[in-house]
$ cat upload-v5.pdb   # PDB, C-alpha atoms
ATOM      1  CA  MET O   1     -24.383   2.665 -20.323
ATOM      2  CA  ILE O   2     -23.863   0.563 -17.189
ATOM      3  CA  LYS O   3     -26.811   0.941 -14.810
ATOM      4  CA  VAL O   4     -25.865   0.663 -11.131
ATOM      5  CA  VAL O   5     -27.768   0.348  -7.874
ATOM      6  CA  ILE O   6     -25.861   1.329  -4.721
ATOM      7  CA  ALA O   7     -26.740  -0.579  -1.518
ATOM      8  CA  ASP O   8     -25.289   0.850   1.705
ATOM      9  CA  ASP O   9     -26.953   1.743   4.989
ATOM     10  CA  VAL O  10     -24.915   4.953   5.386
ATOM     11  CA  ARG O  11     -26.570   7.685   3.349
ATOM     12  CA  ILE O  12     -23.504   9.920   3.117
ATOM     13  CA  LEU O  13     -21.507   7.016   1.637
ATOM     14  CA  ARG O  14     -24.230   6.355  -0.937
ATOM     15  CA  THR O  15     -24.246  10.030  -1.843
ATOM     16  CA  GLY O  16     -20.463  10.103  -2.160
ATOM     17  CA  LEU O  17     -20.362   6.965  -4.285
ATOM     18  CA  LYS O  18     -23.098   8.281  -6.538
ATOM     19  CA  ALA O  19     -21.155  11.508  -7.054
ATOM     20  CA  VAL O  20     -18.002   9.564  -7.922
ATOM     21  CA  LEU O  21     -19.702   7.147 -10.296
ATOM     22  CA  SER O  22     -21.729   9.877 -11.993
ATOM     23  CA  GLN O  23     -18.484  11.470 -13.194
ATOM     24  CA  ASP O  24     -17.963   8.497 -15.510
ATOM     25  CA  ASN O  25     -19.993   8.838 -18.697
ATOM     26  CA  GLU O  26     -20.357   5.049 -18.999
ATOM     27  CA  ILE O  27     -22.089   4.610 -15.628
ATOM     28  CA  GLU O  28     -25.555   5.683 -14.487
ATOM     29  CA  VAL O  29     -26.707   5.283 -10.864
ATOM     30  CA  VAL O  30     -30.396   4.348 -11.107
ATOM     31  CA  GLY O  31     -31.165   3.674  -7.434
ATOM     32  CA  GLU O  32     -29.971   3.732  -3.835
ATOM     33  CA  ALA O  33     -30.843   1.134  -1.178
ATOM     34  CA  ALA O  34     -30.311   1.112   2.586
ATOM     35  CA  ASN O  35     -30.399  -2.683   3.000
ATOM     36  CA  GLY O  36     -30.435  -5.964   1.098
ATOM     37  CA  ARG O  37     -34.192  -6.129   0.657
ATOM     38  CA  GLU O  38     -34.319  -2.626  -0.822
ATOM     39  CA  ALA O  39     -31.462  -3.578  -3.129
ATOM     40  CA  TYR O  40     -33.463  -6.547  -4.393
ATOM     41  CA  GLU O  41     -36.634  -4.490  -4.808
ATOM     42  CA  LEU O  42     -34.780  -1.785  -6.745
ATOM     43  CA  SER O  43     -33.199  -4.477  -8.899
ATOM     44  CA  VAL O  44     -36.634  -5.814  -9.771
ATOM     45  CA  ARG O  45     -37.747  -2.307 -10.658
ATOM     46  CA  PHE O  46     -34.745  -0.915 -12.542
ATOM     47  CA  LYS O  47     -32.986  -4.047 -13.868
ATOM     48  CA  PRO O  48     -29.474  -2.671 -13.251
ATOM     49  CA  ASP O  49     -26.367  -4.218 -14.743
ATOM     50  CA  VAL O  50     -24.499  -4.110 -11.425
ATOM     51  CA  VAL O  51     -25.515  -3.828  -7.776
ATOM     52  CA  LEU O  52     -22.795  -2.348  -5.593
ATOM     53  CA  MET O  53     -23.530  -4.175  -2.337
ATOM     54  CA  ASP O  54     -22.325  -3.503   1.200
ATOM     55  CA  MET O  55     -22.348  -6.644   3.341
ATOM     56  CA  ARG O  56     -23.262  -5.442   6.831
ATOM     57  CA  MET O  57     -26.581  -3.592   6.822
ATOM     58  CA  PRO O  58     -29.468  -3.656   9.322
ATOM     59  CA  ASP O  59     -32.554  -5.877   8.958
ATOM     60  CA  PHE O  60     -31.590  -7.423   5.595
ATOM     61  CA  ASP O  61     -27.856  -7.614   4.999
ATOM     62  CA  GLY O  62     -25.805  -7.875   1.831
ATOM     63  CA  GLY O  63     -25.852 -11.655   1.896
ATOM     64  CA  TYR O  64     -29.657 -11.636   1.764
ATOM     65  CA  GLY O  65     -29.740  -9.078  -1.026
ATOM     66  CA  THR O  66     -27.092 -10.875  -3.050
ATOM     67  CA  SER O  67     -28.737 -14.295  -2.793
ATOM     68  CA  GLN O  68     -32.170 -12.910  -3.717
ATOM     69  CA  ILE O  69     -30.820 -11.068  -6.742
ATOM     70  CA  LYS O  70     -28.699 -13.966  -7.998
ATOM     71  CA  GLU O  71     -31.461 -16.541  -7.496
ATOM     72  CA  LYS O  72     -34.366 -14.566  -8.951
ATOM     73  CA  LEU O  73     -32.965 -12.005 -11.393
ATOM     74  CA  LYS O  74     -30.829 -13.385 -14.187
ATOM     75  CA  GLY O  75     -28.079 -11.274 -15.666
ATOM     76  CA  ILE O  76     -27.631  -8.823 -12.787
ATOM     77  CA  LYS O  77     -24.115  -8.760 -11.360
ATOM     78  CA  VAL O  78     -23.434  -8.143  -7.671
ATOM     79  CA  LEU O  79     -20.167  -6.494  -6.696
ATOM     80  CA  VAL O  80     -19.581  -6.415  -2.951
ATOM     81  CA  LEU O  81     -18.091  -3.128  -1.745
ATOM     82  CA  THR O  82     -17.426  -3.229   1.972
ATOM     83  CA  THR O  83     -14.926  -2.390   4.691
ATOM     84  CA  PHE O  84     -14.793  -5.963   6.006
ATOM     85  CA  ASP O  85     -12.365  -8.603   4.771
ATOM     86  CA  ASP O  86     -12.767 -11.241   7.488
ATOM     87  CA  LYS O  87     -13.220 -14.885   6.537
ATOM     88  CA  GLU O  88     -16.877 -15.091   7.594
ATOM     89  CA  THR O  89     -17.958 -12.061   5.571
ATOM     90  CA  VAL O  90     -16.026 -13.147   2.475
ATOM     91  CA  GLU O  91     -17.446 -16.673   2.625
ATOM     92  CA  LYS O  92     -20.976 -15.315   3.051
ATOM     93  CA  ALA O  93     -20.614 -13.088   0.012
ATOM     94  CA  VAL O  94     -19.175 -15.833  -2.169
ATOM     95  CA  SER O  95     -21.733 -18.438  -1.066
ATOM     96  CA  SER O  96     -24.509 -15.927  -1.780
ATOM     97  CA  GLY O  97     -23.303 -15.688  -5.380
ATOM     98  CA  ALA O  98     -21.379 -12.388  -5.453
ATOM     99  CA  ASP O  99     -19.565 -11.728  -8.727
ATOM    100  CA  GLY O 100     -16.814  -9.777  -7.019
ATOM    101  CA  TYR O 101     -15.554  -8.477  -3.696
ATOM    102  CA  ILE O 102     -13.674  -5.210  -3.251
ATOM    103  CA  LEU O 103     -12.950  -2.913  -0.310
ATOM    104  CA  LYS O 104     -14.002   0.703   0.248
ATOM    105  CA  GLU O 105     -10.373   1.660   0.809
ATOM    106  CA  MET O 106      -9.725   1.261  -2.924
ATOM    107  CA  ASP O 107      -9.211   4.330  -5.113
ATOM    108  CA  ASN O 108     -12.249   5.714  -6.921
ATOM    109  CA  SER O 109     -10.753   4.730 -10.270
ATOM    110  CA  GLN O 110     -10.291   1.139  -9.074
ATOM    111  CA  ILE O 111     -13.911   0.950  -7.944
ATOM    112  CA  ILE O 112     -15.079   2.265 -11.320
ATOM    113  CA  ASN O 113     -12.864  -0.190 -13.206
ATOM    114  CA  SER O 114     -14.148  -3.046 -11.020
ATOM    115  CA  ILE O 115     -17.751  -2.147 -11.844
ATOM    116  CA  LYS O 116     -16.960  -2.136 -15.551
ATOM    117  CA  ALA O 117     -15.135  -5.457 -15.314
ATOM    118  CA  VAL O 118     -17.975  -7.162 -13.439
ATOM    119  CA  ALA O 119     -20.528  -5.723 -15.868
ATOM    120  CA  GLY O 120     -18.449  -7.283 -18.645
ATOM    121  CA  GLY O 121     -18.600 -10.720 -17.048
ATOM    122  CA  ILE O 122     -15.246 -10.756 -15.231
ATOM    123  CA  ASN O 123     -15.167 -11.820 -11.587
ATOM    124  CA  VAL O 124     -13.257  -9.240  -9.540
ATOM    125  CA  PHE O 125     -11.645  -9.862  -6.150
ATOM    126  CA  CYS O 126      -9.201  -7.352  -4.680
ATOM    127  CA  ASP O 127      -5.784  -8.820  -4.020
ATOM    128  CA  ASN O 128      -5.996  -9.390  -0.269
ATOM    129  CA  ILE O 129      -9.382 -11.124  -0.649
ATOM    130  CA  PHE O 130      -7.989 -13.294  -3.440
ATOM    131  CA  GLN O 131      -4.972 -14.201  -1.315
ATOM    132  CA  SER O 132      -7.127 -14.981   1.731
ATOM    133  CA  ILE O 133      -9.163 -17.407  -0.355
ATOM    134  CA  LYS O 134      -5.981 -19.078  -1.586
ATOM    135  CA  LYS O 135      -4.462 -19.324   1.879
ATOM    136  CA  GLU O 136      -7.595 -20.611   3.596
ATOM    137  CA  THR O 137      -7.062 -24.026   5.144
ATOM    138  CA  PHE O 138      -8.466 -26.677   2.828
ATOM    139  CA  ILE O 139      -7.362 -30.194   2.010
ATOM    140  CA  GLN O 140      -5.330 -29.774  -1.141
ATOM    141  CA  GLN O 141      -6.519 -32.236  -3.724
ATOM    142  CA  ASN O 142      -5.474 -33.236  -7.189
ATOM    143  CA  PRO O 143      -8.038 -32.581  -9.955
ATOM    144  CA  LYS O 144      -8.188 -36.353 -10.494
ATOM    145  CA  ASN O 145      -9.736 -36.724  -7.030
ATOM    146  CA  PHE O 146     -12.782 -34.861  -8.349
ATOM    147  CA  ASN O 147     -12.950 -36.983 -11.515
ATOM    148  CA  LEU O 148     -12.230 -33.891 -13.588
ATOM    149  CA  THR O 149     -11.253 -34.426 -17.197
ATOM    150  CA  GLU O 150      -8.377 -32.531 -18.757
ATOM    151  CA  ARG O 151     -10.927 -30.397 -20.631
ATOM    152  CA  GLU O 152     -12.826 -29.569 -17.434
ATOM    153  CA  THR O 153      -9.597 -28.520 -15.772
ATOM    154  CA  GLU O 154      -8.892 -26.252 -18.756
ATOM    155  CA  PHE O 155     -12.349 -24.714 -18.340
ATOM    156  CA  LEU O 156     -11.625 -24.000 -14.676
ATOM    157  CA  CYS O 157      -8.285 -22.363 -15.441
ATOM    158  CA  LEU O 158      -9.771 -20.120 -18.141
ATOM    159  CA  ILE O 159     -12.738 -19.161 -15.949
ATOM    160  CA  CYS O 160     -10.240 -18.066 -13.296
ATOM    161  CA  ASP O 161      -8.554 -15.943 -15.964
ATOM    162  CA  GLY O 162     -11.883 -14.134 -16.431
ATOM    163  CA  LEU O 163     -12.716 -15.472 -19.905
ATOM    164  CA  ASP O 164     -16.351 -15.753 -20.981
ATOM    165  CA  ASN O 165     -17.752 -18.685 -22.973
ATOM    166  CA  LYS O 166     -17.000 -17.095 -26.341
ATOM    167  CA  GLU O 167     -13.405 -16.371 -25.368
ATOM    168  CA  ILE O 168     -12.913 -19.880 -23.963
ATOM    169  CA  ALA O 169     -14.309 -21.353 -27.165
ATOM    170  CA  SER O 170     -11.873 -19.293 -29.232
ATOM    171  CA  ARG O 171      -8.915 -20.217 -27.020
ATOM    172  CA  LEU O 172      -9.681 -23.967 -27.145
ATOM    173  CA  PHE O 173     -10.964 -24.043 -30.746
ATOM    174  CA  LEU O 174     -14.400 -25.263 -29.665
ATOM    175  CA  ALA O 175     -17.963 -24.264 -30.478
ATOM    176  CA  GLU O 176     -19.415 -21.807 -27.954
ATOM    177  CA  GLY O 177     -22.291 -24.226 -27.314
ATOM    178  CA  THR O 178     -19.811 -26.971 -26.471
ATOM    179  CA  VAL O 179     -18.200 -24.720 -23.874
ATOM    180  CA  ARG O 180     -21.555 -23.682 -22.436
ATOM    181  CA  ASN O 181     -22.707 -27.292 -22.097
ATOM    182  CA  GLY O 182     -19.356 -28.379 -20.666
ATOM    183  CA  ILE O 183     -19.440 -25.720 -17.971
ATOM    184  CA  SER O 184     -23.043 -26.598 -17.122
ATOM    185  CA  ARG O 185     -22.024 -30.241 -16.647
ATOM    186  CA  LEU O 186     -19.051 -29.118 -14.550
ATOM    187  CA  LEU O 187     -21.335 -27.081 -12.276
ATOM    188  CA  GLU O 188     -23.606 -30.083 -11.872
ATOM    189  CA  LYS O 189     -20.705 -32.469 -11.194
ATOM    190  CA  LEU O 190     -19.225 -30.233  -8.499
ATOM    191  CA  LYS O 191     -22.633 -29.191  -7.116
ATOM    192  CA  LEU O 192     -21.863 -25.501  -7.565
ATOM    193  CA  LYS O 193     -24.133 -22.659  -8.640
ATOM    194  CA  ASP O 194     -22.152 -20.322 -10.874
ATOM    195  CA  ARG O 195     -18.805 -19.336 -12.394
ATOM    196  CA  THR O 196     -17.743 -17.433  -9.285
ATOM    197  CA  GLN O 197     -18.047 -20.582  -7.196
ATOM    198  CA  LEU O 198     -16.139 -22.527  -9.860
ATOM    199  CA  ALA O 199     -13.288 -20.011  -9.648
ATOM    200  CA  VAL O 200     -13.221 -20.140  -5.849
ATOM    201  CA  PHE O 201     -13.353 -23.955  -5.949
ATOM    202  CA  ALA O 202     -10.373 -24.071  -8.305
ATOM    203  CA  ILE O 203      -8.328 -21.705  -6.140
ATOM    204  CA  LYS O 204      -9.194 -23.377  -2.827
ATOM    205  CA  ASN O 205      -8.318 -26.822  -4.117
ATOM    206  CA  ASN O 206      -5.055 -25.730  -5.706
ATOM    207  CA  ILE O 207      -6.235 -26.570  -9.215
ATOM    208  CA  VAL O 208      -5.232 -23.068 -10.281
ATOM    209  CA  GLN O 209      -1.989 -21.732  -8.847
TER     210      GLN O 209
END
$ encode --input "upload-v5.pdb" --output "structure tokens"
Amino acid sequence: MIKVVIADDVRILRTGLKAVLSQDNEIEVVGEAANGREAYELSVRFKPDVVLMDMRMPDFDGGYGTSQIKEKLKGIKVLVLTTFDDKETVEKAVSSGADGYILKEMDNSQIINSIKAVAGGINVFCDNIFQSIKKETFIQQNPKNFNLTERETEFLCLICDGLDNKEIASRLFLAEGTVRNGISRLLEKLKLKDRTQLAVFAIKNNIVQ
């Protein structure tokens, strides 16, 4: 069972989402929050698998809630569900550590599938968000400019494909511990916080096409 907290300042939207998600027998909505602080507090209390987080909420927004959850509560995934796809909002979500970013205009089935994917460790970005990240103006650099080894570049590509450490290890015929340590060193080398930021880094810098 995937436990979910819904964070949105509009009560009727929370109620509607809860009704939709409750129809799936693999998902249980364990709490509803009206802002980012409430989302964090409910996460402390209920230890959900996924927090479905709106970005623009009064007092404490989705960026606050996401950063608090990702910094202080290990293992909880944050999937942004919002109506906004502007550059500033997307960058705030990603820099706060969001594990995915989808829009409320998506079909109910797509939202449910996104929750399940994020709960399973796959970063989910709807297509227009993914394309906006790719098209954002950055200096395109060769992996060699970052002193990345061939193995580190392989790690980045497979992370972008949504593979977890066990799957990467199987694909590259490595021990899972070797993959885990290699990705930890890669995070340290690039001064990034998590796999989501690694994926965004690889896309922005044209390492992954």
$ residues_around --input "upload-v5.pdb" --residues "Ile168 in chain O" --least-positions-apart "4" --cutoff "9 Å" --atoms "all atoms listed in the file" --output "MDAnalysis selection string"
chainID O and resid 155 158:159 163:164 172:174 176 179
$ resolve_selection --input "upload-v5.pdb" --expression "the PyMOL selection byres ((chain O and resi 123) around 12)" --output "VMD selection string"
chain O and resid 77 to 80 94 97 to 102 113 to 122 124 to 126 130 158 to 164 194 to 200
$ closest_residue --input "upload-v5.pdb" --among "O:Ile183, O:Leu42, O:Met1, O:Leu52" --to "Arg14 in chain O" --atoms "all atoms listed in the file"
O:Leu52
$ resolve_selection --input "upload-v5.pdb" --expression "the PyMOL selection byres ((chain O and resi 19-36) around 8)" --output "count of residues only"
36
$ resolve_selection --input "upload-v5.pdb" --expression "the PyMOL selection byres ((chain O and resi 89) around 12)" --output "JSON, numbers by chain"
{"O": [54, 55, 56, 61, 62, 63, 80, 81, 82, 83, 84, 85, 86, 87, 88, 90, 91, 92, 93, 94, 95, 96, 98, 101, 102, 103, 129, 132, 133]}
$ atom_distance --input "upload-v5.pdb" --atom1 "CA of Lys70 in chain O" --atom2 "CA of Leu187 in chain O"
15.6 Å
$ atom_distance --input "upload-v5.pdb" --atom1 "CA of Cys157 in chain O" --atom2 "CA of Glu188 in chain O"
17.5 Å
$ atom_distance --input "upload-v5.pdb" --atom1 "CA of Lys47 in chain O" --atom2 "CA of Ile76 in chain O"
7.3 Å
$ build_atoms --input "upload-v5.pdb" --residues "range 13-38 of chain O" --atoms "N, CA and C atoms" --output "mmCIF file, in the frame of the given file"
data_model
loop_
_atom_site.group_PDB
_atom_site.id
_atom_site.type_symbol
_atom_site.label_atom_id
_atom_site.label_comp_id
_atom_site.auth_asym_id
_atom_site.auth_seq_id
_atom_site.Cartn_x
_atom_site.Cartn_y
_atom_site.Cartn_z
ATOM 1 N N LEU O 13 -22.356 7.836 2.498
ATOM 2 C CA LEU O 13 -21.507 7.016 1.637
ATOM 3 C C LEU O 13 -22.194 6.765 0.298
ATOM 4 N N ARG O 14 -23.494 6.530 0.326
ATOM 5 C CA ARG O 14 -24.230 6.355 -0.937
ATOM 6 C C ARG O 14 -24.121 7.620 -1.787
ATOM 7 N N THR O 15 -24.309 8.753 -1.124
ATOM 8 C CA THR O 15 -24.246 10.030 -1.843
ATOM 9 C C THR O 15 -22.861 10.250 -2.448
ATOM 10 N N GLY O 16 -21.821 9.943 -1.669
ATOM 11 C CA GLY O 16 -20.463 10.103 -2.160
ATOM 12 C C GLY O 16 -20.144 9.183 -3.319
ATOM 13 N N LEU O 17 -20.582 7.927 -3.201
ATOM 14 C CA LEU O 17 -20.362 6.965 -4.285
ATOM 15 C C LEU O 17 -21.092 7.384 -5.555
ATOM 16 N N LYS O 18 -22.326 7.849 -5.374
ATOM 17 C CA LYS O 18 -23.098 8.281 -6.538
ATOM 18 C C LYS O 18 -22.397 9.429 -7.244
ATOM 19 N N ALA O 19 -21.863 10.372 -6.461
ATOM 20 C CA ALA O 19 -21.155 11.508 -7.054
ATOM 21 C C ALA O 19 -19.926 11.045 -7.830
ATOM 22 N N VAL O 20 -19.201 10.084 -7.256
ATOM 23 C CA VAL O 20 -18.002 9.564 -7.922
ATOM 24 C C VAL O 20 -18.365 8.838 -9.211
ATOM 25 N N LEU O 21 -19.347 7.952 -9.132
ATOM 26 C CA LEU O 21 -19.702 7.147 -10.296
ATOM 27 C C LEU O 21 -20.333 7.992 -11.397
ATOM 28 N N SER O 22 -21.045 9.037 -11.015
ATOM 29 C CA SER O 22 -21.729 9.877 -11.993
ATOM 30 C C SER O 22 -20.746 10.682 -12.840
ATOM 31 N N GLN O 23 -19.499 10.764 -12.409
ATOM 32 C CA GLN O 23 -18.484 11.470 -13.194
ATOM 33 C C GLN O 23 -18.025 10.655 -14.394
ATOM 34 N N ASP O 24 -18.331 9.361 -14.392
ATOM 35 C CA ASP O 24 -17.963 8.497 -15.510
ATOM 36 C C ASP O 24 -19.133 8.430 -16.486
ATOM 37 N N ASN O 25 -18.891 8.763 -17.732
ATOM 38 C CA ASN O 25 -19.993 8.838 -18.697
ATOM 39 C C ASN O 25 -20.489 7.476 -19.171
ATOM 40 N N GLU O 26 -19.881 6.390 -18.644
ATOM 41 C CA GLU O 26 -20.357 5.049 -18.999
ATOM 42 C C GLU O 26 -21.201 4.428 -17.893
ATOM 43 N N ILE O 27 -21.372 5.152 -16.782
ATOM 44 C CA ILE O 27 -22.089 4.610 -15.628
ATOM 45 C C ILE O 27 -23.243 5.532 -15.246
ATOM 46 N N GLU O 28 -24.393 4.939 -14.962
ATOM 47 C CA GLU O 28 -25.555 5.683 -14.487
ATOM 48 C C GLU O 28 -26.072 5.032 -13.207
ATOM 49 N N VAL O 29 -26.140 5.784 -12.113
ATOM 50 C CA VAL O 29 -26.707 5.283 -10.864
ATOM 51 C C VAL O 29 -28.216 5.440 -10.934
ATOM 52 N N VAL O 30 -28.943 4.311 -10.920
ATOM 53 C CA VAL O 30 -30.396 4.348 -11.107
ATOM 54 C C VAL O 30 -31.160 4.175 -9.802
ATOM 55 N N GLY O 31 -30.465 3.840 -8.702
ATOM 56 C CA GLY O 31 -31.165 3.674 -7.434
ATOM 57 C C GLY O 31 -30.219 3.535 -6.266
ATOM 58 N N GLU O 32 -30.735 3.864 -5.071
ATOM 59 C CA GLU O 32 -29.971 3.732 -3.835
ATOM 60 C C GLU O 32 -30.796 2.952 -2.822
ATOM 61 N N ALA O 33 -30.158 1.989 -2.152
ATOM 62 C CA ALA O 33 -30.843 1.134 -1.178
ATOM 63 C C ALA O 33 -30.118 1.196 0.153
ATOM 64 N N ALA O 34 -30.886 1.060 1.237
ATOM 65 C CA ALA O 34 -30.311 1.112 2.586
ATOM 66 C C ALA O 34 -30.113 -0.269 3.192
ATOM 67 N N ASN O 35 -30.611 -1.318 2.521
ATOM 68 C CA ASN O 35 -30.399 -2.683 3.000
ATOM 69 C C ASN O 35 -30.579 -3.659 1.849
ATOM 70 N N GLY O 36 -30.381 -4.947 2.144
ATOM 71 C CA GLY O 36 -30.435 -5.964 1.098
ATOM 72 C C GLY O 36 -31.794 -6.122 0.453
ATOM 73 N N ARG O 37 -32.846 -5.994 1.233
ATOM 74 C CA ARG O 37 -34.192 -6.129 0.657
ATOM 75 C C ARG O 37 -34.478 -4.992 -0.310
ATOM 76 N N GLU O 38 -34.122 -3.761 0.076
ATOM 77 C CA GLU O 38 -34.319 -2.626 -0.822
ATOM 78 C C GLU O 38 -33.494 -2.796 -2.089
#
